[in-house]
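Below: one structure, written as C-alpha cells.
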There are 8 protein chains.
Amino acid sequence: MDLDDLKHLLTALQVGDLSIDEGLERLRKLPFEDAGIAMIDHHRALRQGVPEVVFGEGKSTEQICTIVQRMVVHGDNILITRISGEKAHALSNIYPNGKYDPVANTYCLQQKPEKDLGRGKILIICAGTSDLPVAKEAAVTARMFNNQVEELVDVGVAGIHRLLAHTDILREASVIIVVAGMEGALPSVVGGLVDVPVIAVPTSIGYGAAFGGVAALLGMLNSCAGGVTVVNIDNGFGAAFAATRINRKKSS
Amino acid sequence: MDLDDLKHLLTALQVGDLSIDEGLERLRKLPFEDAGIAMIDHHRALRQGVPEVVFGEGKSTEQICTIVQRMVVHGDNILITRISGEKAHALSNIYPNGKYDPVANTYCLQQKPEKDLGRGKILIICAGTSDLPVAKEAAVTARMFNNQVEELVDVGVAGIHRLLAHTDILREASVIIVVAGMEGALPSVVGGLVDVPVIAVPTSIGYGAAFGGVAALLGMLNSCAGGVTVVNIDNGFGAAFAATRINRKKSS
Amino acid sequence: MDLDDLKHLLTALQVGDLSIDEGLERLRKLPFEDAGIAMIDHHRALRQGVPEVVFGEGKSTEQICTIVQRMVVHGDNILITRISGEKAHALSNIYPNGKYDPVANTYCLQQKPEKDLGRGKILIICAGTSDLPVAKEAAVTARMFNNQVEELVDVGVAGIHRLLAHTDILREASVIIVVAGMEGALPSVVGGLVDVPVIAVPTSIGYGAAFGGVAALLGMLNSCAGGVTVVNIDNGFGAAFAATRINRKKSS
Amino acid sequence: MDLDDLKHLLTALQVGDLSIDEGLERLRKLPFEDAGIAMIDHHRALRQGVPEVVFGEGKSTEQICTIVQRMVVHGDNILITRISGEKAHALSNIYPNGKYDPVANTYCLQQKPEKDLGRGKILIICAGTSDLPVAKEAAVTARMFNNQVEELVDVGVAGIHRLLAHTDILREASVIIVVAGMEGALPSVVGGLVDVPVIAVPTSIGYGAAFGGVAALLGMLNSCAGGVTVVNIDNGFGAAFAATRINRKKSS
Amino acid sequence: MDLDDLKHLLTALQVGDLSIDEGLERLRKLPFEDAGIAMIDHHRALRQGVPEVVFGEGKSTEQICTIVQRMVVHGDNILITRISGEKAHALSNIYPNGKYDPVANTYCLQQKPEKDLGRGKILIICAGTSDLPVAKEAAVTARMFNNQVEELVDVGVAGIHRLLAHTDILREASVIIVVAGMEGALPSVVGGLVDVPVIAVPTSIGYGAAFGGVAALLGMLNSCAGGVTVVNIDNGFGAAFAATRINRKKSS
Amino acid sequence: MDLDDLKHLLTALQVGDLSIDEGLERLRKLPFEDAGIAMIDHHRALRQGVPEVVFGEGKSTEQICTIVQRMVVHGDNILITRISGEKAHALSNIYPNGKYDPVANTYCLQQKPEKDLGRGKILIICAGTSDLPVAKEAAVTARMFNNQVEELVDVGVAGIHRLLAHTDILREASVIIVVAGMEGALPSVVGGLVDVPVIAVPTSIGYGAAFGGVAALLGMLNSCAGGVTVVNIDNGFGAAFAATRINRKKSS
Amino acid sequence: MDLDDLKHLLTALQVGDLSIDEGLERLRKLPFEDAGIAMIDHHRALRQGVPEVVFGEGKSTEQICTIVQRMVVHGDNILITRISGEKAHALSNIYPNGKYDPVANTYCLQQKPEKDLGRGKILIICAGTSDLPVAKEAAVTARMFNNQVEELVDVGVAGIHRLLAHTDILREASVIIVVAGMEGALPSVVGGLVDVPVIAVPTSIGYGAAFGGVAALLGMLNSCAGGVTVVNIDNGFGAAFAATRINRKKSS
Amino acid sequence: MDLDDLKHLLTALQVGDLSIDEGLERLRKLPFEDAGIAMIDHHRALRQGVPEVVFGEGKSTEQICTIVQRMVVHGDNILITRISGEKAHALSNIYPNGKYDPVANTYCLQQKPEKDLGRGKILIICAGTSDLPVAKEAAVTARMFNNQVEELVDVGVAGIHRLLAHTDILREASVIIVVAGMEGALPSVVGGLVDVPVIAVPTSIGYGAAFGGVAALLGMLNSCAGGVTVVNIDNGFGAAFAATRINRKKSS
C-alpha cells in the first residue's frame with residue numbers, strides 16, 4: 001500500500017463507500033503496510049546513487065544469474081561481491097559489458113553513468129599487499145556507490161616513513177578507510193595524523209596468534225586515536241557502505 | 001493513539017471535519033502510533049496474570065521506590081528481582097505487606113489474589129544447594145506469573161539415584177526448569193526421562209574451569225537429550241518467564 | 001525384564017517356587033532392569049507421533065541403509081537429518097517413496113499418514129536466505145513429528161517492516177522458532193511482539209567476528225525479550241523437537 | 001620548532017649567519033621537529049571547537065587538579081571523563097562554575113561559549129536505562145565538541161514500537177550513535193531505518209553470557225544493516241569523537 | 001526403602017498379606033528406591049576410610065555449624081574445605097579438638113583414629129610457594145581419606161635440579177599429585193621420571209596471560225608425558241579424592 | 001655412561017690411573033650422563049609390559065616403515081596410533097601378521113604373547129557410537145599395554161537406564177575410562193556410581209557450541225563427582241596409558 | 001654437595017677410606033646432587049651483577065621481612081617487586097636505607113655499589129602515562145641488574161611525531177623495552193625504526209575489548225616488524241631480566 | 001630526498017636561487033621525505049649481513065618469480081620462506097644454484113659468501129620431531145642472516161635427561177631459540193639452565209586442547225624462568241630475526 005492507495009481509502013471513507021468499521025479494520029493492519037510506505041520512501045532516498053548489491057558467497061552461478069536477471073530490468077547498476085572467477089565468467093557470457101575484478105572478487109554491471117555524489121574523496125589505505133583483496137572490495141564498492149576514491153597501498157606501521165611520505169593525500173580525504181591485518185595498528189597512526197573520520201577494517205591476514213583477524217580487530221577497537229570506528233573482519237564492503245553514508249552530500 | 005482515537009479520526013473524515021490531505025498527513029505517521037495500538041493489545045493480553053517486574057540490580061533504593069510507587073496505583077502485582085536485603089527492608093517500611101525472599105533475592109507485592117492460569121505445574125529442579133538462589137528466583141517468578149510450582153532440590157547427576165527416586169514428580173509436570181552449575185549435566189538426564197519441555201538454566205556456581213557458568217552453559221547447549229532449550233547464565237527469571245508462556249492456557 | 005516378568009516373579013514367590021532370599025537377590029538387581037520398564041513406558045508415550053530419527057552426518061551410506069532397514073520393519077516413519085544428496089540418492093534406490101529435501105538435507109520415509117497432534121501451529125521464522133537450511137531442517141522435522149508448520153522467510157531486523165507486515169501470522173502461532181545468523185537479533189524483536197514461547201536457533205552464517213555462530217548464540221542468550229530460549233548453533237532439529245514438546249496436546 | 005623558527009633558520013642561512021653544514025645538521029633532525037609543525041597545524045585545525053580532554057579514571061584528585069590548572073590558563077573548554085563524584089566535588093571547590101554530571105561521570109569547565117560547528121544534529125539512542133551512563137558520556141562529549149545533540153532513551157528492540165514511534169527524529173539526524181548492551185541488536189534495526197552513518201557502542205550491561213559487553217560487541221560487528229561501524233565497549237567518548245568528525249563542517 | 005523393607009514386602013506377598021497387583025504397584029516404583037539401596041551399599045563401601053566432607057565456600061558460619069552438628073553424631077571424621085579463619089574460629093568454640101589449617105583453608109574434626117588404607121604413599125609435589133594452599137588442601141584431604149602422604153615443595157621446572165635431587169622420593173610414591181601454576185610444566189617432567197599415575201592440578205597462580213589458571217590447565221592437558229591426568233583449576237580436594245581411589249587397597 | 005663405566009672410573013681413581021683432579025673433572029659432567037643411567041633404569045621398569053609406540057599422524061608411510069623396521073628387531077610389541085588405512089595397508093605388505101583396526105585407526109604388531117599385568121580390568125565406556133574411534137583407540141592401547149579390557153558402548157546420559165542396566169560391570173572394573181563428546185556428562189554419572197578411579201576423555205564429537213570438544217572438556221573438568229580426572233580431547237591413547245599405570249601390579 | 005665434598009669423596013676413595021662399592025652407591029645418587037653443583041656454578045655466574053629478587057605480591061609483610069632478613073646477611077643487593085606502600089613502609093623501619101618507588105611498586109636495598117655490566121644502554125619506552133607502573137618496574141629492575149637505563153615516556157602511536165622526535169635516543173640503545181597497553185602498536189613502529197632487539201611488554205591498561213591486556217598482547221605477537229619478542233602482560237620485571245641477558249657483556 | 005638533495009636546497013637558498021618562502025614550502029613537506037632519509041640510513045645499516053626476504057605463503061609462483069627477478073639484480077642473498085616444493089621447483093628452473101629445504105619450506109639464493117657477523121652461536125633447540133619445520137625455518141633464516149647456528153633436536157621435557165646430557169652445548173650459545181608445541185614447557189627448563197637470552201617459539205603441533213599452538217604460547221608467556229621472551233606461533237623466521245639482532249656485533 002502506497003500513498004495513492006491510502007488516498008483512495010480515505011476518499012472511499014469520505015464518500016461513504018467504506019464504513020468506519022471497515023476502514024478501521026483496514027487501518028488496523030496498516031501500520032506495517034504503512035511501514036512499507038515509509039520504507040519505500042526511505043529506500044528511494046537511499047537508493048539515489050546506490051547500486052543493487054548481491055552477496056555472491058554461498059550462492060550458485062544459477063542463483064546469481066537469476067537474481068541479476070531480475071535486477072537488470074530496473075536499469076540500476078549492479079554490484080556482486082565475493083564472487084569467484086568461474087562464476088564471474090559465467091555472468092560475462094550473459095552480460096559481456098560487466099567487469100570482474102579478480103583481486104576484489106567483485107563483478108560490476110554499470111548500467112547508469114558514474115556520478116560523484118560525495119562531499120569529497122574516500123581514501124582507502126592498505127597496510128600490506130596481502131590486505132589488497134579487502135581494500136579492493138572497499139574501493140570497487142565505494143566507486144559503485146558513486147564516490148571518488150583514492151588508494152594508498154603497502155604503508156604498514158613497520159616502515160612508518162612510507163605513510164608519513166603521503167600526509168598530503170591523507171589530509172585531502174573526506175573519509176579514510178584503513179585496511180590492516182596482523183596487529184592492526186595502522187588506524188591508530190592514521191587517526192593521529194588526520195581530523196576526518198577513520199573506518200578501520202581488520203583483515204584475516206596473519207598466522208598463529210592473529211586468530212583469523214581477531215588480533216587486528218581488538219587492536220582497532222582499542223585504538224588510542226580518536227575518531228576511529230571499526231567494522232567486521234574482512235568487511236571491505238561494509239566499510240565502503242559506511243564511508244558512503246559519511247561522504248554523501250545532504251540530499252535536501 | 002488507540003482504537004478510539006482512530007475511530008474519531010475516521011469519523012471526522014467522514015463528516016468532513018478533516019480533509020483528506022489532513023487525514024493523510026496524520027495517517028502517514030500512524031504506522032508507529034498504530035504499532036502502539038497493536039502493542040497495547042498485545043500487552044493487555046500478555047498482562048493477564050503477569051505482574052509488573054522491576055530488575056533491581058544497579059538501581060538505588062530511591063529509584064526502586066519511585067518506580068514501585070508509580071506501579072502500585074494500577075493495582076497490579078509487583079515483582080522486584082535481584083534486590084538486596086537492605087533495599088528490600090526500605091521497601092518493607094513503605095509496603096509492609098510485601099514479602100522479601102532472601103535466597104531468591106526477590107520482593108513481591110501481591111495486590112491481586114493468586115490465580116492458576118497454567119495448563120499444569122511448573123517443576124523446578126536444582127542440582128545442588130549452591131544453585132538455590134537461581135532456582136528460587138525462578139520459583140518466585142513462576143508463582144507471581146500465576147503458575148502452580150513444585151520444587152526438587154539437590155538432585156545432581158553425581159548421585160543419580162536421588163533424581164530417579166522422584167520420577168513421578170517429573171512426569172506430572174507440564175514444563176520443567178532445570179537449574180545446574182558446574183558441568184551442567186542434569187538437563188540431559190532429565191530430558192531423557194520425560195517428554196515435556198525442559199528449560200535449562202546454567203548457574204555461575206563452580207570454580208576454576210567453570211568460568212562463571214560457561215562450562216554449564218556449553219554443556220546444556222550440547223545436551224544429547226531432545227527437547228532441551230537454554231537461557232542465559234543465572235537467569236532464573238527468564239526461565240520462569242519462558243515456562244509461563246509454555247504453560248499458559250490459550251486465552252481464547 | 002518387563003511387567004510380565006515381574007508378575008511371574010511375584011507369582012513364583014507367592015506360590016512358593018521362589019524363596020524370599022532368591023527373590024531378594026533377583027530384586028536387588030531389579031532397579032536398573034525395572035528402570036528399563038519405566039523407560040519403555042516413557043518411550044511408548046513419547047513415540048506417539050514421533051518418527052525414528054537417524055543423524056546422518058558422519059555415517060556411511062552403508063551404515064545408514066543398515067539402520068533404516070532395521071527400522072523400516074516396525075512400520076514407523078523415519079527421518080534422516082544431515083544427509084548428503086549422494087547418500088539420499090542411494091536410499092531412494094531402495095525406498096523410492098522416500099523424499100529428499102536438498103535444502104534441509106533431510107530424507108523422510110513416511111510409512112504412517114501425517115497427523116496433527118499439536119495444540120496449534122509451529123511457526124518457523126528465518127532471518128535471511130542463507131539461514132534456510134537450518135530453518136528447513138526445523139520445518140521438515142516438525143512436520144515429521146506431526147505438527148502443523150508455517151514458514152516465514154527473509155524477515156531480518158535490518159528491514160524491520162518485513163517482519164511487522166506479518167504480525168497476524170506471528171500471533172496465530174502456538175510456538176515460534178526463530179532462525180538467525182550474524183547478530184542473531186531477530187528473536188528479541190519477535191519475543192517482544194508475541195506472547196507465545198520463542199525458540200531461538202543461532203546459525204553459523206556470517207563471517208569474521210561471527211565466529212561460526214557464536215555472535216548469534218550470545219545475542220540470543222542475552223535477548224532482552226522475555227520468553228526466549230535457545231538451542232545449539234545450527235540445531236534446527238533440536239528446536240523442532242523442543243517445539244513439538246511444547247505444542248503437543250496432553251496425552252491424558 | 002614552529003614555522004617562525006624555521007623562517008629564522010632559513011634567514012640565517014640566507015644572510016650567512018649559518019653555514020650550509022650547520023644548517024644541514026639542524027635540518028637533518030628536522031623531520032621529527034617538522035612533524036611537530038605539521039602536528040601543530042593539524043592540532044590547531046582539529047582544536048577548532050574541540051575541548052581539552054582528561055581521562056579521569058585511575059588519576060588521583062591531585063593529578064586531575066594539577067592537569068586542569070595547567071589547561072585552564074589557555075582559556076579552552078575542559079572535559080574530564082570517567083570522574084567520580086568525590087573527585088568532581090574537589091574540582092568544584094576550585095572551579096565553582098564547572099558542571100558535574102553524575103550519570104555521565106563527566107566534569108565540564110566551559111570557558112568559551114557553546115558553538116554549533118556541525119552540519120546537523122548528532123542523535124544519541126539508548127536501548128535501556130542501564131545504558132544511560134554510556135549514552136550520557138557520549139552526549140556530554142558531543143556537546144563539549146560543539147555539536148547539537150538530541151537524545152532518545154529506552155527504545156530497545158524488545159518493544160520495537162517504541163523506536164518506530166520516533167522515526168521522524170531518526171531521519172533528522174546527521175549521525176546517530178546507538179548505545180546498547182545485552183544482545184546489542186538496536187544498531188541493526190536503526191541502520192535499516194535511516195541512511196545516515198550509525199555508530200554502535202556496545203555496553204557492558206547484561207549478565208551471564210553477556211561477558212561484559214562481548215555479546216553486544218559481536219552483535220554490532222555482525223550487524224546485517226549497512227552503514228554501521230563500532231567502537232569499544234562502553235566507549236561513549238570515542239563514539240562522540242568519531243561522530244564529531246563525521247558531523248563537522250569542512251573548515252575550508 | 002532398604003533391604004529390610006524389601007524383605008518385609010516379599011514376606012507379605014508370600015504370606016498373602018499383599019496381593020500380586022499391590023506388590024506389582026509398589027515394585028513398579030521400586031527401581032529408584034532400590035537404586036537407593038544400591039547406592040547405600042555403594043556408599044557404605046565407599047565410606048570405609050572416607051570422612052564426611054563439607055565444601056565451606058559460600059556457606060555461612062551458621063550453615064556450616066548446623067551441618068557439622070548433624071554429621072558429628074554419626075561419629076565419622078569431618079573435613080571442611082575452603083573455610084576462612086573466622087568461620088573456623090567459630091567452629092573451634094564448639095569443637096575445640098578440631099584443627100584448622102590456615103594455609104590449606106581446611107578444618108578437620110577427627111573422631112576416628114587415623115588409618116592407612118592405601119597401597120602406598122601419595123606424594124604431593126608443589127612447583128612454587130604460591131601454590132602451597134592448593135597443595136596443602138590436597139595433603140590434608142588425602143590424610144583425612146586415610147592415606148600416607150608425603151610433600152615436596154618448591155621444585156618448579158625453572159630450577160630443574162631441585163626436582164632431580166629428589167628422584168628417590170618420586171619413585172617411592174604410589175600416586176603423585178603435581179600442583180603447579182603459571183606454565184604448568186612440572187607434571188610433564190615428573191611424568192617422564194616415574195611410572196606411577198600422575199594427577200596434575202593447575203593453580204590460578206600467575207598473572208597476565210596466566211588467565212587465572214587457564215595457561216597451566218592447557219599445559220597439563222597437552223602434557224607430552226604419559227600417564228598424566230588433570231583436575232580442575234585449584235582443585236586440590238578433587239586431586240586427593242582421585243588419588244585416594246587409585247591408592248586404595250581392594251576392599252574385597 | 002652406565003654403572004660399569006662408573007665402576008671403571010672409580011677403580012682407575014683407586015689404583016692411581018686417574019688423578020683426583022681428572023676424576024673431579026669427569027664427575028663434574030656426570031650428573032647429566034648419570035641422569036642417563038637413572039633414566040635407563042626407569043625405562044626398563046617402565047617397559048615391562050609396554051609396547052613401543054609410534055604416533056602415526058603426520059608421518060609418511062616411508063617414515064613409519066623405517067621406524068617400525070628399527071623397532072621390530074628388538075622383538076617388542078609395536079603399536080602405531082592415528083594411522084590411516086592406506087598406510088596400514090603398506091605396513092601389512094611388510095608385516096602380514098600385523099593387525100589394523102579401522103575404527104581405532106591403530107596398527108598392532110604383536111611379537112610377544114599377550115600378558116595380564118594388571119590388578120583388574122580396565123572398563124572403557126562410550127557415550128555414543130560417534131565416540132567409538134576414541135574409545136577403540138583406548139581399548140587397543142590398553143590391551144597392547146597388557147591389561148584386561150572390557151567395553152560398554154552407547155550408554156549416554158540421555159537414556160540413563162542403559163547405563164544403570166550395567167552396574168555390575170561398572171563395579172567389577174579396576175579403572176574406568178569414560179569417553180564422551182557433546183556435553184560430556186557421562187563421567188559425572190559414572191563417578192557417582194562407583195568407587196574406582198574414573199578417567200574422562202572428551203571427544204570432538206558434536207557441532208556448534210561443542211567447539212570441537214571444549215564443551216565436553218569443560219564439563220568433565222567441572223564434574224561434580226569425586227575421583228574423576230581428565231585427559232586431552234580425543235586422547236584415547238593417553239587415557240589408556242594413565243589407566244595402565246593405575247592398574248599395574250607393583251613390580252616389586 | 002659441592003666441589004669440596006666431591007674432592008673429599010674422591011680422596012677417601014684414593015686413600016681407601018671408601019670402598020668402590022660405597023663410592024658407587026654415593027655417586028649413583030650424585031647426578032641430582034651434582035646437578036646441584038652445576039647449578040651453583042651457573043648461579044654464581046648468573047649472579048654477577050644480579051640482585052636477590054623477591055616477588056612481593058601475595059606475601060605478607062612478615063613473610064617478606066623474614067625472607068629479606070635471610071638474604072641481607074649475604075651482602076647482596078635485594079629487589080622486591082609488586083610491593084605495596086604499606087609493606088614497604090614496614091621494611092623501611094628495619095632497613096631505613098632501602099628505597100621504595102611508589103610508581104614501580106618496588107623496594108630496593110642496595111648493599112653493593114651500582115655497576116655497569118652492560119654492552120650499552122637499555123632504553124625503556126612507554127606508550128602512555130597509565131603504562132608507567134610497568135615501565136618503572138622494568139627500569140628499576142634493569143638498574144638493579146646493573147645496566148644503564150634510559151626512559152622515554154608518553155610516545156604512543158596516536159601522536160607518532162612524539163616518537164619520531166627521539167630517533168637519536170632510539171638508535172643509541174643496545175636493547176629497547178617497549179611498554180604499551182590498549183592496541184599495543186608501539187613495538188611495531190619502534191621495531192621498524194631501529195635494528196636492535198625490541199622486547200614488547202603488553203599492559204593491562206585499557207577497557208572493554210582490551211580484555212586486561214589481551215588486545216595489546218595479540219597486537220605485539222603479530223607485530224609486522226622484525227626483531228620484536230614479547231613477554232607476559234604487565235611483566236616489566238621479566239622484560240628487564242631478558243634485556244639484561246641481551247645487554248650483558250660476555251663474562252669470559 | 002637524500003642528504004645531497006637537502007644540500008642543494010640549502011645552497012640554492014644561500015645563493016638566492018630559492019626564496020625563503022619557497023624554501024619554507026619545500027621544507028614544510030620535508031619531515032616525511034627526510035624521514036625517508038633516516039630510513040635509508042637505517043636500512044643500509046640494517047642490511048649489513050641481512051638477505052632480502054620474501055614471505056612465500058599466498059603468493060603465486062609467478063609473483064614470487066617476478067619479485068626474485070627484481071631482487072636478484074642487486075646481488076643480495078635472497079631468502080624465501082613458507083614456499084611449497086612445487087613453487088621452489090619452478091624457481092630452481094630459473095636459478096639452478098638456489099637451494100630448497102623441504103622441511104623448512106625455504107628457498108635460498110646465495111649470491112654473496114656466507115659471513116659470520118655474530119658475537120657467538122645461535123642454538124636452536126627443538127622439543128619433538130614434529131616441531132622440526134619451525135626449527136628448520138629458524139635455522140635456515142639465522143644462517144642466511146650470517147650467524148653461526150647449532151641445532152639440538154628432540155629434547156622435550158618428558159625425557160628431561162636428553163636435554164641435561166647437552167648442557168655444554170647450551171652454555172656455549174650466545175642466544176637460544178627454543179621451539180616447542182603441546183605444553184610448551186621446554187623454554188622454562190632451558191631458561192633455568194643458562195644465562196643467555198632465550199627466545200621461545202610455540203608451534204601449532206598438538207591436538208585437542210592444544211588449540212593450534214595456544215597452549216604452548218600461554219605456557220611460554222607464563223614461563224617461570226627469567227630471560228625468556230616469546231614470538232608468534234610457528235614463527236621460526238621471526239625468532240631467527242630477533243636472535244640475529246641480539247647476536248649481531250655492534251656495527252660501530
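Starting from 1 in every chain, residues are counted up; chains themselves are A, B, ... following the order of the C-alpha cells, and ligands are numbered from 1 as listed.
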Once you count only C-alpha atoms, which residues of chain A turn out to be within 10 Å of chain D? Could you give them as a PyMOL selection string?
-> chain A and resi 35+38-39+42-43+45-47+119-120+164+167+171+174-175+192-201+217-218+220-233+235+237-248+250
Find the spatial neighbours of region 146-154 of chain D, counting only C-alpha atoms, within a cut-off of 8 Å - ignore same-chain residues fewer than 6 positions away - and output them as a PyMOL selection string.
-> chain D and resi 49-50+114-118+120-129+132+139+244+247
Would you mind exporting all heavy atoms of the selected residues as a short mmCIF file (atom, residue, chain, number, x, y, z; two decimals), in the first residue's frame?
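Dumped everything to out-v6.cif:
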```cif
data_model
loop_
_atom_site.label_atom_id
_atom_site.label_comp_id
_atom_site.auth_asym_id
_atom_site.auth_seq_id
_atom_site.Cartn_x
_atom_site.Cartn_y
_atom_site.Cartn_z
N GLY D 49 36.85 24.16 18.03
CA GLY D 49 35.64 23.57 18.58
C GLY D 49 35.87 22.27 19.32
O GLY D 49 34.94 21.48 19.47
N VAL D 50 37.06 22.04 19.75
CA VAL D 50 37.37 20.82 20.49
C VAL D 50 37.91 21.19 21.86
O VAL D 50 38.81 22.02 21.97
CB VAL D 50 38.41 19.99 19.72
CG1 VAL D 50 38.91 18.84 20.56
CG2 VAL D 50 37.81 19.47 18.42
N GLU D 114 29.37 27.97 23.99
CA GLU D 114 28.99 26.86 23.12
C GLU D 114 28.85 27.34 21.69
O GLU D 114 28.38 28.43 21.43
CB GLU D 114 27.64 26.30 23.58
CG GLU D 114 27.75 25.33 24.72
CD GLU D 114 26.42 24.65 25.02
OE1 GLU D 114 25.59 24.56 24.09
OE2 GLU D 114 26.22 24.24 26.18
N LYS D 115 29.27 26.53 20.76
CA LYS D 115 29.08 26.84 19.35
C LYS D 115 28.40 25.65 18.69
O LYS D 115 28.33 24.57 19.25
CB LYS D 115 30.43 27.07 18.67
CG LYS D 115 30.98 28.48 18.87
CD LYS D 115 32.33 28.65 18.20
CE LYS D 115 33.39 27.83 18.94
NZ LYS D 115 34.75 28.11 18.43
N ASP D 116 27.90 25.87 17.48
CA ASP D 116 27.41 24.73 16.70
C ASP D 116 28.26 24.64 15.43
O ASP D 116 28.08 25.42 14.51
CB ASP D 116 25.93 24.89 16.35
CG ASP D 116 25.44 23.73 15.48
OD1 ASP D 116 26.23 22.78 15.28
OD2 ASP D 116 24.30 23.77 15.02
N LEU D 117 29.21 23.73 15.44
CA LEU D 117 30.13 23.61 14.30
C LEU D 117 29.74 22.46 13.38
O LEU D 117 30.50 22.08 12.51
CB LEU D 117 31.55 23.40 14.81
CG LEU D 117 32.13 24.54 15.67
CD1 LEU D 117 33.50 24.16 16.20
CD2 LEU D 117 32.23 25.81 14.83
N GLY D 118 28.59 21.87 13.63
CA GLY D 118 28.21 20.67 12.87
C GLY D 118 27.34 20.96 11.67
O GLY D 118 26.75 22.03 11.55
N GLY D 120 24.78 19.09 11.17
CA GLY D 120 23.43 18.74 11.60
C GLY D 120 23.47 18.29 13.04
O GLY D 120 24.40 18.59 13.78
N LYS D 121 22.45 17.54 13.44
CA LYS D 121 22.38 17.07 14.82
C LYS D 121 23.00 15.70 14.97
O LYS D 121 22.89 14.86 14.07
CB LYS D 121 20.91 16.95 15.23
CG LYS D 121 20.32 18.20 15.83
CD LYS D 121 18.96 17.86 16.42
CE LYS D 121 17.98 18.98 16.12
NZ LYS D 121 16.61 18.62 16.46
N ILE D 122 23.60 15.48 16.12
CA ILE D 122 24.00 14.11 16.49
C ILE D 122 22.89 13.56 17.38
O ILE D 122 22.57 14.15 18.41
CB ILE D 122 25.34 14.10 17.25
CG1 ILE D 122 26.47 14.57 16.31
CG2 ILE D 122 25.65 12.72 17.79
CD1 ILE D 122 27.83 14.68 16.98
N LEU D 123 22.31 12.43 16.94
CA LEU D 123 21.26 11.80 17.74
C LEU D 123 21.87 10.64 18.52
O LEU D 123 22.59 9.81 17.95
CB LEU D 123 20.15 11.28 16.82
CG LEU D 123 19.06 10.42 17.49
CD1 LEU D 123 18.30 11.21 18.54
CD2 LEU D 123 18.10 9.87 16.44
N ILE D 124 21.59 10.59 19.80
CA ILE D 124 22.12 9.50 20.63
C ILE D 124 20.95 8.67 21.14
O ILE D 124 20.09 9.16 21.88
CB ILE D 124 22.95 10.05 21.81
CG1 ILE D 124 24.15 10.81 21.23
CG2 ILE D 124 23.43 8.92 22.72
CD1 ILE D 124 24.93 11.63 22.23
N ILE D 125 20.92 7.41 20.72
CA ILE D 125 19.83 6.50 21.07
C ILE D 125 20.34 5.48 22.08
O ILE D 125 21.45 4.96 21.94
CB ILE D 125 19.31 5.75 19.83
CG1 ILE D 125 18.82 6.75 18.79
CG2 ILE D 125 18.18 4.80 20.22
CD1 ILE D 125 18.26 6.07 17.54
N CYS D 126 19.51 5.14 23.03
CA CYS D 126 19.92 4.32 24.15
C CYS D 126 18.90 3.20 24.35
O CYS D 126 17.71 3.47 24.51
CB CYS D 126 19.98 5.24 25.37
SG CYS D 126 20.43 4.45 26.86
N ALA D 127 19.36 1.95 24.32
CA ALA D 127 18.43 0.81 24.36
C ALA D 127 17.69 0.70 25.69
O ALA D 127 16.49 0.52 25.73
CB ALA D 127 19.18 -0.48 24.07
N GLY D 128 18.43 0.83 26.79
CA GLY D 128 17.78 0.66 28.10
C GLY D 128 18.28 1.69 29.09
O GLY D 128 19.29 2.36 28.86
N THR D 129 17.59 1.83 30.20
CA THR D 129 18.02 2.84 31.18
C THR D 129 19.38 2.50 31.77
O THR D 129 20.13 3.39 32.16
CB THR D 129 16.98 2.96 32.31
OG1 THR D 129 16.67 1.65 32.77
CG2 THR D 129 15.72 3.63 31.82
N LEU D 132 22.37 4.21 30.19
CA LEU D 132 22.39 5.67 30.25
C LEU D 132 23.77 6.27 30.52
O LEU D 132 24.14 7.25 29.88
CB LEU D 132 21.39 6.17 31.30
CG LEU D 132 20.05 6.64 30.73
CD1 LEU D 132 19.17 7.17 31.84
CD2 LEU D 132 20.28 7.75 29.68
N ALA D 139 26.76 12.03 25.05
CA ALA D 139 26.02 13.28 24.86
C ALA D 139 26.82 14.48 25.37
O ALA D 139 26.96 15.51 24.69
CB ALA D 139 24.67 13.19 25.58
N THR D 244 31.66 13.52 15.92
CA THR D 244 32.05 14.92 15.69
C THR D 244 32.79 15.06 14.37
O THR D 244 32.53 15.97 13.58
CB THR D 244 32.96 15.40 16.85
OG1 THR D 244 32.21 15.36 18.05
CG2 THR D 244 33.46 16.81 16.59
N ASN D 247 30.32 14.81 11.63
CA ASN D 247 29.35 15.91 11.59
C ASN D 247 29.97 17.28 11.27
O ASN D 247 29.27 18.19 10.85
CB ASN D 247 28.64 16.00 12.96
CG ASN D 247 27.45 16.94 12.93
OD1 ASN D 247 26.67 16.91 11.98
ND2 ASN D 247 27.32 17.78 13.95
#
```
What separation in Å, quoted to one decimal, exists between CA of Glu183 (chain E) and CA of Thr203 (chain H)?
->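 CA of Thr203 (chain H) lies 15.4 Å from CA of Glu183 (chain E).
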Polymer residues at most 7 Å from Tyr107 (chain B), only C-alpha atoms, same-chain spacing of 5 or more positions, as a VMD selection string = chain B and resid 79 to 81 88 98 to 101
Skipping near chain neighbours, those fewer than 4 positions away, what residues fall within 9 Å of Lys112 (chain D) using only C-alpha atoms, listed as number ranges by chain?
-> D: 75-77
Nearest to Gly206 (chain A) among H:Leu13, H:Phe55, H:Gly184, H:Val134, with distances taken over only C-alpha atoms: which residue is it?
->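 Of H:Leu13, H:Phe55, H:Gly184, H:Val134, the one nearest Gly206 (chain A) is H:Phe55, counting only C-alpha atoms.
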Rounded to one decimal place, report the CA of Glu52 (chain C)-CA of Ile78 (chain C) distance in Å.
->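 Separation of CA of Glu52 (chain C) and CA of Ile78 (chain C): 4.8 Å.
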